[in-house]
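Only one structure is covered here, and it is reproduced in the block below.
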Amino acid sequence: MADALTLTATTPCYGLLPKTIGTCVLTETDLGALTSVAPYKQGAAGALKDAHGMDFPAPNRTTGKQGARAIWFGRDMALLAGPAPDAALAEHAALTDQTDAWACVTLSGDDAAAVLARLVPVDLSLAKFKRGHTARTQLGHLNASITRTGVDSFLILAFRSMAATLVHDLVTAMESLAARR
Amino acid sequence: MRLPCPICGDRDRREFYYQGAAVALSRPAPDADAAAWEDYVHLRENQPGDLDELWSHDAGCGAWLVVTRNTVTHAVSGAKLASEATR
Amino acid sequence: MRIAGKGRIDRSKTVSFRFDGIQYQGFAGDTVASALLANGVRLMGRSFKYHRPRGVLTAGSEEPNALMTIGVGAGREPNVRATVQELYEGLEARSQNAFPSLNFDLLSVNDLASPFLSAGFYYKTFMWPRAFWEKLYEPAIRRAAGLGALSGEADQDRYEKAFAFCDLLIIGAGPAGLMAALVAAKSGADVILADEDAQMGGRLLADTETVDGQGGADWAASVLNELAGMDNVRLMTRTTVTGAYDQGTFGALERVSHHIARPDGRLPRETFWRIVAQRSILAAGALERPIAFRNNDRPGIMTAGAVRSYLNRWGVAPGKAVTVFANNDDAHRTALDLIAAGVHVTAVLDSRPDAQAQGDYRLIRGAQVCNSAGRKGLDAITYRTTSGEDKLATDCLAMSGGWNPTVHLTCHMNGRPEWNESMASFVPGKEAIPGMTVAGAASGRFTLHGCLTSGAEAARDALSDFGKTVADVTVPQADDTPYKVAPLWAVAGKGRAWLDFQNDVTVKDVKQAAIENFRSVEHMKRYTTQGMATDQGKNSNVAALAVLADATGRGIPETGTTTFRPPYTPVTLAALGAGSRGKGFAPERHTTSHAASVAMGAPMIEAGLWYRPSYFPRKGESNWRQSCDREVGHVRGAVGVCDVSTLGKIDIQGPDAAKLLDFAYTNVFSTLKVGRVRYGLMLREDGHVMDDGTTARLGETHFAMTTTTAAAGQVMRHLEFIAQVHHPEWDVRIMSVTEQWAQFAIAGPKSRDLVNGLVETPIDNDTWPFMACGPVRVAGIDARLFRISFSGEHAYELAVPAHYGDALFRVLVKRAEALEGGAYGMEALNVLRIEKGHITHSEIHGRTTAFDVGMERMISAKKDCIGKTMAAREGLIDDDRGQLVGLKPVGAIKKLTAGAHLYSESSEAVPANDQGYVTSVAFSPDFGHYIGLGFVRGGAARHGDRLRFVDALRGMDTVVEVCNPVFLDPEGGRARG
Ligand SMILES: [Zn+2]
């Protein structure tokens, strides 16, 4: 029999965040369970709606609301963020647990978009990238998922193993913007 | 340079991985003759002008694309999902 | 000297600076050049080759002469143009290319030797003896003919890159650019207006022309004020658009803190922008041409437009008695402005016999300046008319050979400019850059009215692309008197007349090139080095090719022009490499055991982007081998723990998941039972090995694949390629889970004891035999357990969600230690796998086949797979190919090294006799000697043979014995036990 054993969870940005620099704040964000939902050929839009009450997101968009969101995550794929996936979904889509795979951070503040303009080769201006819009792209050298969650706030997901680099790159850009103020 | 991903929209070239001419769309049968396989694996026309190429949107949606690019001017005249390309 | 009441400097703010150690005063708004001229300093540099004294020629970024080193210490910057360096308090400027001082330069003897230093001199003279080039000639030449030097210390300053997007990028904020921006912005387009200058306005800041009755600079200020208040406009000052690239991408260099006395250390010096624009307008203006005449490079001789800039923008008269020398009407305005400011104008010398005076000054028609005089600065000029030669005392000559539209960016995508005879200049070729319209002087519209009108037209043209309604903006009134010019490139006569000031190329040099048959403009350029200095021929190209055309009896259009390539002005390597220094060079991937491993003192080594522990030193161990040998002993004798999370982990799900695996792997996976693991081999389509690894069947339609650490990304892309390109009809989804799972190898005879101390339901050999897998629960957490072995021992890999990786690793190490084992690192892992003959990418290095590594039987005959057909080619299954073998030292030297080559014992160690090579080596504590893996021709049949082992790099020559690559437990009993 196993001995009495407890394993303590460590989040990807443990010891790295939060940071407040200039007008911006960078914090680690707990999104709850993360599950990639990759529909099989017959589709899973109805099943997602039935199980979690949200539409399957179109490319570059999110559906749902804070606490239970579906973030478009790639070709024919969504990331269900918040609730544990309904078992019935598994008939319609490949479900993969990603809860521990992503460093999830929120960058907010007046200069947030300007900070990301140092790192991301996609137009994230408010006029083109509105609240609820999302993009799979790069942040510096990292592959990332970036979602606008407010006028001046963004949810950023990058590989867990690269959390230190993610924070380093964002902090450097935050400092550069702070120094311009 | 920017490529028009049919899923993500116009994106910077740095997000893509380049494979080469889109010959992979017509893989020979396993029992095809040596010349057919040699053609498929090793030989490329390398003509100047419009060329169908395979690009992977690695840092984006992950889709494999067939991009039509002019190898002289770099003008891109179209892109479609490889999964939907005629073969 | 300063002129009261003139200039757009702030006279309430004096600024102190030093040039070559001497303190001077300027004003806020000055450049180093304008402040030095205001202080009466004309000598600002020495020329590149002849070390001739030089003063400022221009007032802009095209400056070839006044290059200085700015700043002190590590971050000092050489070759800064004094004409663009804004003054700040405490600025330190130093002259360059002068020894011991600017005023007394020993190497100016080069100037006396000039008859021997003409075009092609280096090519002809330093050819022989050959060995002298590297040792003697090149170092001496480099010292004598140089620009400024770097400090030699690491630059501690920050640089950054950034991205910007807009509907319309307008390059240049002179009258045309401002007008275009106003129309486009008022019509609702998203506009970026970029200008290299600290102040926007272009020539409006340097001239006295009026717009709608008000001063041009005032009009510019009011337009800028309006633009600054609009959300859809971004004004980028100090930002030079340096290159035009594909699909509307532009490179631009922003000088962020070069003008700040003590910048915040976090502020970058420069930002290199990538701007993506649907449409663009090039409104970069025009550059004035010098005229070549004898000694036209003396300090005090500058372009006529530059004289107006210094007067009108900076309130500086560059001389007390100024003479104008021109071939066009525009330069006459220099005389008018000087007179209006109270500066004495000795005369206007116009080469055109029919020139008309535009005011009250002495005009000498049909005159050409043919020489200049003065020590380190202009005292007098000699000019020639039909009635002979005459002298004129003057301390400043304002010369103008006409204007060249700034066509540079239009050439960046192979566009060729076109010759316009009436304005004697090149104008941009049509549609040279997709989506770009050229406006204002850059398009050859030289009048102020023409600039404003064409700016508005260009904006309207762009707006039609965006479907925006054009706002009703009236183009203001301005002068539209046509520009008149008659070509004059070089004044005939003896002596040296400079074309390219920076590289010291004279009219004579170009003629010499033509005589030696370098008639192509591209050849002339390379032979004389004209246009190859940092100004890239901005001041000299057109005149040089006109001289070449004349010398070869051709017209200018037939002679053609060299092309302009990016960047428009120099870009520092630091800016291009911004963000990629230090930690920015590459991402660091850390496993969840990183912190614990570092805390245990493990040196971390790079494995691709990952950092992995090399070994875990213990007290009393003084070198890595001791630690490594001990760790190998843990695994062979007790239990070892190793983080293997870096291996690629891929989830494959769907009704056709098994089909995908059968096609990707050489062997069959559709027959694998749920709860079992199988080793698989993957080929490239050309028949060579791509990667290997194990794949577990977790469910009927659910597989978990592992790849090597190195090939994880490649395999993921490859599987998607199969699913999307080869077989889009298959219903299968692929997802990387490398990051989701923290996975640890638990290996050794006591491994099951350790596992059973963790899992909620204990396992035994029946429930969990070799190659079994399945879900387990550890401390209430859902985990996965695989009974697989890379070490050859009874071993498991336990995977938990990564949040728990750190905690689990610490527990595993502690418990392994309690069982007389411990953590093991990469060194021990490598020893263990070599002892078992397990291959890694040292063996499957891209040139080896399944046949070579002894796995040809793994290519299933029952199905097709990637690479199967090509792998069957004769040459790839030849018995004489290098085949995987084990190697043992049997000669005098007991060590083996990877990379060594193998030969027959009696033969010479030359490539023709090559029998194979060594790929991996390790000291095996189990055997007490070195062992190795390698490839030997026909090696599978040569076990027991002796071969000569030669490592030419390390100077080793010994003898090895070929053996079975599986050194330890060839029957595999340990793993099954
Ligand atoms: Zn895409």
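Each chain of the structure tokens is named A, B, ... in the order shown, its residues numbered from 1; ligands are numbered from 1 in display order.
Residues of protein, DNA or RNA lying at most 6 Å from ligand 1, when only C-alpha atoms and all ligand atoms are considered, are Cys5, Ile7, Cys8, His57, Gly60, Cys61 and Ala63 of chain B.
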Hey, list the chain C side of the contact with chain A: 7 Å cut-off, only C-alpha atoms, answer as a compact mmCIF listing (two decimals) with all heavy atoms, in the first residue's frame.
```txt
# COMPACT_ATOMS: atom_id res chain seq x y z
N LYS C 161 12.94 45.45 -30.72
CA LYS C 161 12.20 45.34 -31.97
C LYS C 161 10.73 45.55 -31.68
O LYS C 161 10.29 45.32 -30.55
CB LYS C 161 12.39 43.96 -32.60
CG LYS C 161 13.73 43.83 -33.28
CD LYS C 161 13.83 42.50 -33.97
CE LYS C 161 15.24 42.33 -34.53
NZ LYS C 161 15.54 40.94 -34.80
N ALA C 162 9.99 45.96 -32.68
CA ALA C 162 8.56 46.15 -32.46
C ALA C 162 7.83 46.02 -33.80
O ALA C 162 8.44 46.10 -34.86
CB ALA C 162 8.30 47.53 -31.85
N PHE C 163 6.54 45.79 -33.69
CA PHE C 163 5.68 45.64 -34.86
C PHE C 163 4.62 46.72 -34.87
O PHE C 163 4.10 47.09 -33.82
CB PHE C 163 4.99 44.27 -34.85
CG PHE C 163 5.94 43.11 -34.82
CD1 PHE C 163 6.38 42.56 -33.62
CD2 PHE C 163 6.43 42.57 -36.01
CE1 PHE C 163 7.26 41.50 -33.61
CE2 PHE C 163 7.32 41.51 -36.00
CZ PHE C 163 7.74 40.97 -34.80
N ALA C 164 4.33 47.24 -36.05
CA ALA C 164 3.24 48.21 -36.16
C ALA C 164 2.44 47.90 -37.43
O ALA C 164 2.97 47.33 -38.39
CB ALA C 164 3.81 49.63 -36.22
N PHE C 165 1.18 48.28 -37.40
CA PHE C 165 0.28 47.99 -38.51
C PHE C 165 -0.53 49.24 -38.83
O PHE C 165 -0.87 50.01 -37.93
CB PHE C 165 -0.68 46.85 -38.13
CG PHE C 165 0.05 45.57 -37.79
CD1 PHE C 165 0.58 45.37 -36.53
CD2 PHE C 165 0.23 44.59 -38.75
CE1 PHE C 165 1.28 44.21 -36.22
CE2 PHE C 165 0.91 43.42 -38.46
CZ PHE C 165 1.44 43.23 -37.19
N ASP C 264 17.05 56.91 -19.03
CA ASP C 264 16.65 55.80 -18.15
C ASP C 264 17.30 54.52 -18.71
O ASP C 264 17.19 54.22 -19.89
CB ASP C 264 15.11 55.69 -18.22
CG ASP C 264 14.55 54.66 -17.25
OD1 ASP C 264 15.20 53.61 -17.06
OD2 ASP C 264 13.47 54.91 -16.70
N ARG C 266 16.54 51.62 -18.70
CA ARG C 266 15.63 50.62 -19.26
C ARG C 266 15.15 51.02 -20.66
O ARG C 266 14.48 50.25 -21.34
CB ARG C 266 14.42 50.44 -18.34
CG ARG C 266 14.80 50.02 -16.92
CD ARG C 266 13.59 50.08 -16.00
NE ARG C 266 12.97 51.42 -16.02
CZ ARG C 266 11.80 51.71 -15.45
NH1 ARG C 266 11.13 50.78 -14.81
NH2 ARG C 266 11.32 52.93 -15.51
N LEU C 267 15.48 52.28 -21.02
CA LEU C 267 15.02 52.79 -22.32
C LEU C 267 15.93 52.25 -23.42
O LEU C 267 17.14 52.33 -23.31
CB LEU C 267 15.09 54.32 -22.29
CG LEU C 267 14.34 55.09 -23.38
CD1 LEU C 267 12.85 54.82 -23.28
CD2 LEU C 267 14.62 56.58 -23.24
N PRO C 268 15.36 51.69 -24.49
CA PRO C 268 16.25 51.24 -25.57
C PRO C 268 16.91 52.42 -26.28
O PRO C 268 16.36 53.52 -26.27
CB PRO C 268 15.31 50.49 -26.52
CG PRO C 268 13.95 50.98 -26.20
CD PRO C 268 13.95 51.42 -24.77
N ALA C 586 17.50 32.60 -27.06
CA ALA C 586 16.61 31.46 -27.32
C ALA C 586 15.80 31.23 -26.06
O ALA C 586 16.27 31.52 -24.96
CB ALA C 586 17.42 30.22 -27.67
N PRO C 587 14.59 30.71 -26.20
CA PRO C 587 13.82 30.41 -25.00
C PRO C 587 14.52 29.33 -24.19
O PRO C 587 15.21 28.49 -24.75
CB PRO C 587 12.49 29.87 -25.52
CG PRO C 587 12.51 30.05 -26.99
CD PRO C 587 13.91 30.27 -27.42
N GLU C 588 14.32 29.39 -22.89
CA GLU C 588 14.83 28.31 -22.04
C GLU C 588 13.63 27.45 -21.65
O GLU C 588 12.63 27.97 -21.16
CB GLU C 588 15.46 28.90 -20.77
CG GLU C 588 16.77 29.62 -21.04
CD GLU C 588 17.40 30.18 -19.77
OE1 GLU C 588 16.85 29.93 -18.67
OE2 GLU C 588 18.44 30.84 -19.89
N ARG C 589 13.76 26.15 -21.86
CA ARG C 589 12.69 25.25 -21.41
C ARG C 589 13.17 24.57 -20.14
O ARG C 589 14.22 23.93 -20.13
CB ARG C 589 12.37 24.22 -22.49
CG ARG C 589 11.83 24.82 -23.77
CD ARG C 589 11.39 23.77 -24.75
NE ARG C 589 10.04 23.28 -24.44
CZ ARG C 589 9.36 22.48 -25.27
NH1 ARG C 589 9.91 22.05 -26.39
NH2 ARG C 589 8.14 22.10 -24.95
N HIS C 590 12.38 24.73 -19.11
CA HIS C 590 12.71 24.11 -17.83
C HIS C 590 11.73 23.00 -17.52
O HIS C 590 10.52 23.18 -17.68
CB HIS C 590 12.64 25.16 -16.71
CG HIS C 590 13.73 26.19 -16.82
ND1 HIS C 590 13.80 27.28 -16.00
CD2 HIS C 590 14.79 26.30 -17.65
CE1 HIS C 590 14.85 28.01 -16.32
NE2 HIS C 590 15.47 27.44 -17.32
N THR C 591 12.24 21.87 -17.06
CA THR C 591 11.35 20.81 -16.61
C THR C 591 10.85 21.19 -15.20
O THR C 591 11.37 22.11 -14.57
CB THR C 591 12.09 19.47 -16.51
OG1 THR C 591 13.15 19.63 -15.57
CG2 THR C 591 12.68 19.08 -17.86
N GLN C 653 -5.81 10.59 -31.11
CA GLN C 653 -7.15 10.06 -30.84
C GLN C 653 -8.00 10.04 -32.10
O GLN C 653 -7.80 10.84 -33.00
CB GLN C 653 -7.86 10.93 -29.79
CG GLN C 653 -7.17 10.99 -28.43
CD GLN C 653 -8.02 11.71 -27.41
OE1 GLN C 653 -9.13 11.31 -27.14
NE2 GLN C 653 -7.48 12.79 -26.85
N GLY C 654 -8.96 9.16 -32.12
CA GLY C 654 -9.92 9.13 -33.22
C GLY C 654 -10.05 7.74 -33.82
O GLY C 654 -9.19 6.88 -33.61
N ASP C 731 -10.16 10.18 -39.88
CA ASP C 731 -10.73 10.89 -38.74
C ASP C 731 -9.81 10.69 -37.54
O ASP C 731 -9.93 9.71 -36.79
CB ASP C 731 -12.16 10.36 -38.45
CG ASP C 731 -13.00 11.36 -37.68
OD1 ASP C 731 -12.46 12.46 -37.34
OD2 ASP C 731 -14.18 11.07 -37.42
N VAL C 732 -8.87 11.59 -37.37
CA VAL C 732 -7.87 11.45 -36.31
C VAL C 732 -7.41 12.84 -35.88
O VAL C 732 -7.31 13.75 -36.69
CB VAL C 732 -6.67 10.58 -36.79
CG1 VAL C 732 -6.02 11.17 -38.03
CG2 VAL C 732 -5.64 10.40 -35.68
N ARG C 733 -7.19 13.00 -34.59
CA ARG C 733 -6.71 14.29 -34.07
C ARG C 733 -5.43 14.09 -33.27
O ARG C 733 -5.28 13.10 -32.55
CB ARG C 733 -7.78 14.96 -33.18
CG ARG C 733 -9.12 15.23 -33.88
CD ARG C 733 -9.02 16.02 -35.18
NE ARG C 733 -8.33 17.26 -35.10
CZ ARG C 733 -8.90 18.47 -35.01
NH1 ARG C 733 -10.22 18.56 -34.96
NH2 ARG C 733 -8.17 19.56 -34.96
N GLU C 739 4.01 19.23 -22.57
CA GLU C 739 4.01 20.18 -21.46
C GLU C 739 3.08 19.76 -20.32
O GLU C 739 3.21 20.23 -19.20
CB GLU C 739 3.59 21.56 -21.98
CG GLU C 739 4.53 22.13 -23.03
CD GLU C 739 5.77 22.77 -22.43
OE1 GLU C 739 5.70 23.25 -21.28
OE2 GLU C 739 6.82 22.78 -23.10
N GLN C 740 2.11 18.92 -20.67
CA GLN C 740 1.09 18.57 -19.68
C GLN C 740 1.61 17.59 -18.63
O GLN C 740 1.22 17.64 -17.48
CB GLN C 740 -0.14 17.97 -20.39
CG GLN C 740 -1.17 17.31 -19.50
CD GLN C 740 -1.89 18.30 -18.58
OE1 GLN C 740 -1.87 19.51 -18.83
NE2 GLN C 740 -2.51 17.82 -17.52
N ASN C 756 5.58 0.89 -5.88
CA ASN C 756 4.52 0.39 -5.00
C ASN C 756 4.36 1.22 -3.73
O ASN C 756 3.32 1.16 -3.08
CB ASN C 756 4.74 -1.08 -4.67
CG ASN C 756 4.14 -1.97 -5.77
OD1 ASN C 756 3.25 -1.52 -6.50
ND2 ASN C 756 4.63 -3.19 -5.89
N GLY C 757 5.38 1.99 -3.40
CA GLY C 757 5.24 2.90 -2.27
C GLY C 757 4.42 4.13 -2.62
O GLY C 757 4.10 4.93 -1.75
N LEU C 758 4.14 4.29 -3.92
CA LEU C 758 3.44 5.50 -4.36
C LEU C 758 2.03 5.25 -4.84
O LEU C 758 1.12 6.02 -4.57
CB LEU C 758 4.23 6.14 -5.52
CG LEU C 758 5.63 6.66 -5.20
CD1 LEU C 758 6.37 6.97 -6.50
CD2 LEU C 758 5.55 7.91 -4.33
N VAL C 759 1.85 4.16 -5.61
CA VAL C 759 0.55 3.96 -6.26
C VAL C 759 -0.47 3.40 -5.27
O VAL C 759 -0.12 2.67 -4.34
CB VAL C 759 0.67 3.03 -7.49
CG1 VAL C 759 1.51 3.69 -8.56
CG2 VAL C 759 1.26 1.67 -7.10
N GLU C 760 -1.73 3.74 -5.49
CA GLU C 760 -2.77 3.34 -4.55
C GLU C 760 -3.05 1.84 -4.64
O GLU C 760 -3.38 1.21 -3.64
CB GLU C 760 -4.03 4.17 -4.79
CG GLU C 760 -3.80 5.62 -4.35
CD GLU C 760 -4.99 6.53 -4.58
OE1 GLU C 760 -6.05 6.04 -5.03
OE2 GLU C 760 -4.84 7.73 -4.33
N THR C 761 -2.91 1.26 -5.84
CA THR C 761 -3.08 -0.19 -5.99
C THR C 761 -1.74 -0.79 -6.40
O THR C 761 -1.24 -0.46 -7.47
CB THR C 761 -4.13 -0.50 -7.09
OG1 THR C 761 -5.27 0.31 -6.85
CG2 THR C 761 -4.50 -1.96 -7.11
N PRO C 762 -1.16 -1.63 -5.54
CA PRO C 762 0.18 -2.15 -5.86
C PRO C 762 0.18 -2.99 -7.14
O PRO C 762 -0.84 -3.55 -7.52
CB PRO C 762 0.52 -3.01 -4.65
CG PRO C 762 -0.45 -2.64 -3.59
CD PRO C 762 -1.66 -2.12 -4.25
N ALA C 779 -1.17 9.58 -4.70
CA ALA C 779 -1.55 10.64 -3.77
C ALA C 779 -2.84 11.33 -4.22
O ALA C 779 -2.96 12.55 -4.17
CB ALA C 779 -0.42 11.66 -3.63
N PRO C 801 0.38 15.02 -13.93
CA PRO C 801 0.18 16.37 -14.43
C PRO C 801 1.28 17.29 -13.89
O PRO C 801 1.68 17.17 -12.73
CB PRO C 801 -1.20 16.75 -13.89
CG PRO C 801 -1.92 15.43 -13.77
CD PRO C 801 -0.85 14.47 -13.33
N ALA C 802 1.77 18.19 -14.77
CA ALA C 802 3.01 18.92 -14.49
C ALA C 802 2.97 19.75 -13.21
O ALA C 802 4.02 19.99 -12.61
CB ALA C 802 3.35 19.81 -15.69
N HIS C 803 1.80 20.18 -12.78
CA HIS C 803 1.71 20.92 -11.52
C HIS C 803 2.37 20.13 -10.37
O HIS C 803 2.87 20.71 -9.42
CB HIS C 803 0.25 21.17 -11.13
CG HIS C 803 -0.40 22.32 -11.85
ND1 HIS C 803 0.26 23.10 -12.76
CD2 HIS C 803 -1.65 22.83 -11.76
CE1 HIS C 803 -0.55 24.04 -13.22
NE2 HIS C 803 -1.73 23.90 -12.64
N TYR C 804 2.30 18.80 -10.46
CA TYR C 804 2.78 17.96 -9.36
C TYR C 804 4.19 17.43 -9.61
O TYR C 804 4.71 16.64 -8.82
CB TYR C 804 1.80 16.80 -9.13
CG TYR C 804 0.41 17.29 -8.84
CD1 TYR C 804 -0.57 17.31 -9.84
CD2 TYR C 804 0.09 17.82 -7.58
CE1 TYR C 804 -1.83 17.82 -9.59
CE2 TYR C 804 -1.18 18.34 -7.33
CZ TYR C 804 -2.14 18.34 -8.34
OH TYR C 804 -3.37 18.85 -8.10
N ALA C 807 6.90 18.36 -6.86
CA ALA C 807 6.69 17.62 -5.60
C ALA C 807 7.02 16.14 -5.77
O ALA C 807 7.69 15.54 -4.93
CB ALA C 807 5.24 17.79 -5.14
N LEU C 808 6.60 15.56 -6.90
CA LEU C 808 6.84 14.14 -7.10
C LEU C 808 8.33 13.84 -7.25
O LEU C 808 8.84 12.86 -6.70
CB LEU C 808 6.08 13.63 -8.35
CG LEU C 808 6.27 12.15 -8.66
CD1 LEU C 808 5.76 11.27 -7.51
CD2 LEU C 808 5.58 11.75 -9.96
```
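Reported to one decimal place, the separation of CA of Ser56 (chain B) from CA of Ala85 (chain B) is 14.1 Å.
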Item to check | helix (DSSP H, G or I) call set, DSSP backbone run, region 196-240 of chain C, as a PyMOL selection string | outcome: chain C and resi 202-205+216-228
Show me, as a CSV table (one decimal) with N, CA, C and O atoms, in the first residue's frame, the residues that have an atom within 10 Å of Phe129 (chain A) when counting only C-alpha atoms, minus same-chain residues fewer than 6 positions from it.
```csv
chain,number,residue,atom,x,y,z
A,60,ASN,N,-10.1,32.7,-34.4
A,60,ASN,CA,-9.7,34.0,-33.9
A,60,ASN,C,-10.8,34.6,-32.9
A,60,ASN,O,-10.7,35.8,-32.7
A,61,ARG,N,-11.7,33.8,-32.4
A,61,ARG,CA,-12.7,34.3,-31.5
A,61,ARG,C,-12.9,33.4,-30.3
A,61,ARG,O,-12.4,32.3,-30.3
A,122,VAL,N,1.4,40.5,-34.7
A,122,VAL,CA,0.0,40.5,-35.1
A,122,VAL,C,-0.6,41.9,-34.6
A,122,VAL,O,-0.2,42.4,-33.6
A,123,ASP,N,-1.5,42.5,-35.4
A,123,ASP,CA,-2.1,43.8,-35.0
A,123,ASP,C,-3.0,43.6,-33.9
A,123,ASP,O,-4.1,43.0,-34.1
A,135,ALA,N,-5.8,35.1,-30.9
A,135,ALA,CA,-4.9,34.7,-31.9
A,135,ALA,C,-3.9,33.7,-31.5
A,135,ALA,O,-3.5,33.7,-30.3
A,147,THR,N,-5.4,36.5,-26.1
A,147,THR,CA,-6.9,36.9,-26.1
A,147,THR,C,-7.0,38.2,-25.5
A,147,THR,O,-6.5,38.5,-24.4
A,148,ARG,N,-7.8,39.1,-26.1
A,148,ARG,CA,-8.1,40.4,-25.5
A,148,ARG,C,-9.3,40.2,-24.5
A,148,ARG,O,-10.4,39.7,-24.9
A,151,VAL,N,-10.4,46.3,-22.5
A,151,VAL,CA,-9.9,47.4,-23.2
A,151,VAL,C,-8.4,47.4,-23.1
A,151,VAL,O,-7.7,47.6,-24.1
```
Item to check | Nearest to Thr62 (chain A), chosen from A:Ser108, A:Leu126, A:Thr27, A:Leu79, with only C-alpha atoms counted in the distances | outcome: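 That would be A:Leu79, the residue with the smallest distance to Thr62 (chain A).
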Next on the checklist: Should the cut-off be 7 Å, what would the residue list for chain C against chain B look like, counting only C-alpha atoms, as a ChimeraX atom specification?
Outcome noted: /C:245-247,249,686,721,724-726,728,864,869
For the residues in the current selection, export C-alpha atoms as a compact mmCIF listing (two decimals), in the first residue's frame.
```
# COMPACT_ATOMS: atom_id res chain seq x y z
CA TYR C 245 9.91 44.42 -48.37
CA ASP C 246 7.31 41.94 -49.60
CA GLN C 247 3.57 42.26 -48.99
CA THR C 249 6.25 45.20 -44.95
CA ASP C 686 13.61 8.99 -48.58
CA PHE C 721 1.41 16.38 -42.53
CA GLN C 724 -3.76 16.86 -43.42
CA VAL C 725 -1.85 16.32 -46.64
CA HIS C 726 -1.65 12.58 -47.28
CA PRO C 728 -7.29 14.22 -44.93
CA ASP C 864 2.68 0.71 -46.64
CA THR C 869 9.53 2.13 -50.90
```
Next on the checklist: Could you work out which residues of chain A fall inside 7 Å of chain B? Count only C-alpha atoms, and format the result as an NGL selection string.
Outcome noted: :A and (59-60 or 74-75 or 121 or 136-138 or 143)
